[in-house]
Amino acid sequence: MSVERALWEHDATGLAGLVRKGEISPQELVDAAIARAEATRPDINAIAEPLYEAARTRAKTIDRKLPLAGVPFALKDLGIAMKGVPTHGGSRIPAFVADFDSVMTERHLAAGLVPIATSTSPEHGLRLMTESAAFGITRNPWNTAHTSGGSSGGAAALVAAGVVPVAHASDGGGSIRVPAACTGLVGLKTSRGRVPLTPLVSESWYGLVIDHAVSRSVRDSALLLDLTHGPDPLSPYAAPTPKGTFAAAAVRDPGKLKLAVYRKSPLGLPISAETLAALDTAIALAREGGHTIEEIDLPYIDRDFIADFARTVAAAVAGTMRGEVLRVGRSISGDIERATRVMNAFGEVLSAGEIYATCSGCMPRRAG
C-alpha cells in the first residue's frame, strides 16, 4: 500500500500503528500529508499558515513509541498557541505570534502528533460557516459548492479531504459539531473544564468554549481525549476525573439505548425536506438496532435562551476586542468585519450587572 493511500484509508490510530511497526516512517507520512495539502488547497482553501518545514524537521526525530507518533495534524487558527506560529483568529488584525505553547499544544506534541498547518476559521469563530475577509471561503471537499461549516470548518475540510486524519477544533455554540455534520466526521463537544485552554486564556465565552478535535473515527476522538484531558494549575475549574479511559468507553457495548429526536430548528428556521429525510433514515437504522426513539421538544430553546447566549458572546467579543487594541496599540475598527463590529458594539452597551445575571445563571425565568 502506498503512503498516500494509507493516509487516506487509515485513521490516526491506524497510522500510528503502522509507524510503530516500521511499515511507514513519520517523514513519509508528513511528506504525503503536505503533498495532499498542496493538491487540495486551491479547491478547499482550508490552510491559514503552512508549517511544512517545521513538520518535516519534527518528523525526523519523533519517538516512534508515542501513542500517535508521526501522525500529521492541524491546529485551528483560533484560541490556541504554538511557539513562533502566527495566529490570526480568521482576522485582518495583525497576527499574534506566541513565545510559548498552549497546554493543549504541549499535549498534542507529547502524543507524537506533527502539526503541518493551521486551519482556517471565520473571524474570532463567530459564524457557523468558515468565510472571512482575511482568508476567503473554505469549501467542503465533498462538494465545493457547499460549506464545511464553522467555526472549525478548516479543520473539518482538511480531515475530510484526507490531508490529516484528525485536527484540533474548538466549540462554543456548535463550532465542532456543525463542521463534523457538514463533512461526515466525528465531532464531540466535551464537558466544560475537561481540557485546559491555558495559558492563553483561563476560559472563553464564560466557559462555553471547549477545545478538542474533529476526526474520522470514534476511537481517534476517544484516544486524543485520553491524551489531552486533565486539569492545569492555571485552570479555574476542571471536569470530574472519569472512571476508566475514554478509549475503553468507546469500544464498550452500550446496550440498548433510549434516543431523543428533536425535529425543529432552535432558531425557528425552516428545515429542508432532504435534512428531515436523512433524519428519518438515521431513526430507522437506530430502531433496526433495537434502540428506543422518543420524539421530544426543547422548551428552553426560546427567545430568552437565544438572548442570553447573544449577551454572553457579545460581552466576550467586546472584551477580546479591547485586548486586541491593547496588543496592537491602535484602533482595529478598520480591520474587523461588520458582524464582529456589531457584536462588539452590542457587548459594549451591556451593563456589568446584566452580564453577571446572564452568565451566573441568576436571571429569572418565566414560569410555564
# chains A, B, ... in the order shown; residues from 1 in each chain; ligands from 1
$ residues_around --residues "segment 155-159 of chain A" --least-positions-apart "5" --cutoff "8 Å" --atoms "only C-alpha atoms" --output "PyMOL selection string"
chain A and resi 37+44+46+74-76+119-120+138-141+148+164-169+179-180+183+185+214-216
$ residues_around --residues "Tyr206 of chain A" --least-positions-apart "2" --cutoff "12 Å" --atoms "only C-alpha atoms" --output "PyMOL selection string"
chain A and resi 172+192-193+201-204+208-210+236-237+308-309+311-317+319+355-356+358-361
$ atom_distance --atom1 "atom CA of Glu324 of chain A" --atom2 "atom CA of His88 of chain A"
11.2 Å
$ closest_residue --among "A:Pro94, A:Gly329, A:Gly17, A:Pro67" --to "Leu227 of chain A" --atoms "only C-alpha atoms"
A:Pro67
$ closest_residue --among "A:Gly14, A:Ala134, A:Ser333, A:Ala318" --to "Gly347 of chain A" --atoms "only C-alpha atoms"
A:Ala318
$ residues_around --residues "Trp8 of chain A" --least-positions-apart "2" --cutoff "10 Å" --atoms "only C-alpha atoms" --output "ChimeraX atom specification"
/A:3-6,10-11,15,32-33,36,159-165
$ closest_residue --among "A:Ala98, A:Ala48, A:Ala273, A:Leu285" --to "Gly136 of chain A" --atoms "only C-alpha atoms"
A:Ala48
$ closest_residue --among "A:Ala278, A:Arg263, A:Gly89, A:Ala357" --to "Glu295 of chain A" --atoms "only C-alpha atoms"
A:Arg263
$ select_by_dssp --residues "segment 211-296 of chain A" --states "strand (DSSP E or B)" --output "NGL selection string"
:A and (211-215 or 258-261 or 292-295)
$ select_by_dssp --residues "segment 245-316 of chain A" --states "alpha helix (DSSP H)" --output "PyMOL selection string"
chain A and resi 246-251+273-288+303-316
$ atom_distance --atom1 "atom CA of Leu109 of chain A" --atom2 "atom CA of Glu23 of chain A"
21.8 Å
$ atom_distance --atom1 "atom CA of Arg58 of chain A" --atom2 "atom CA of Pro115 of chain A"
9.0 Å
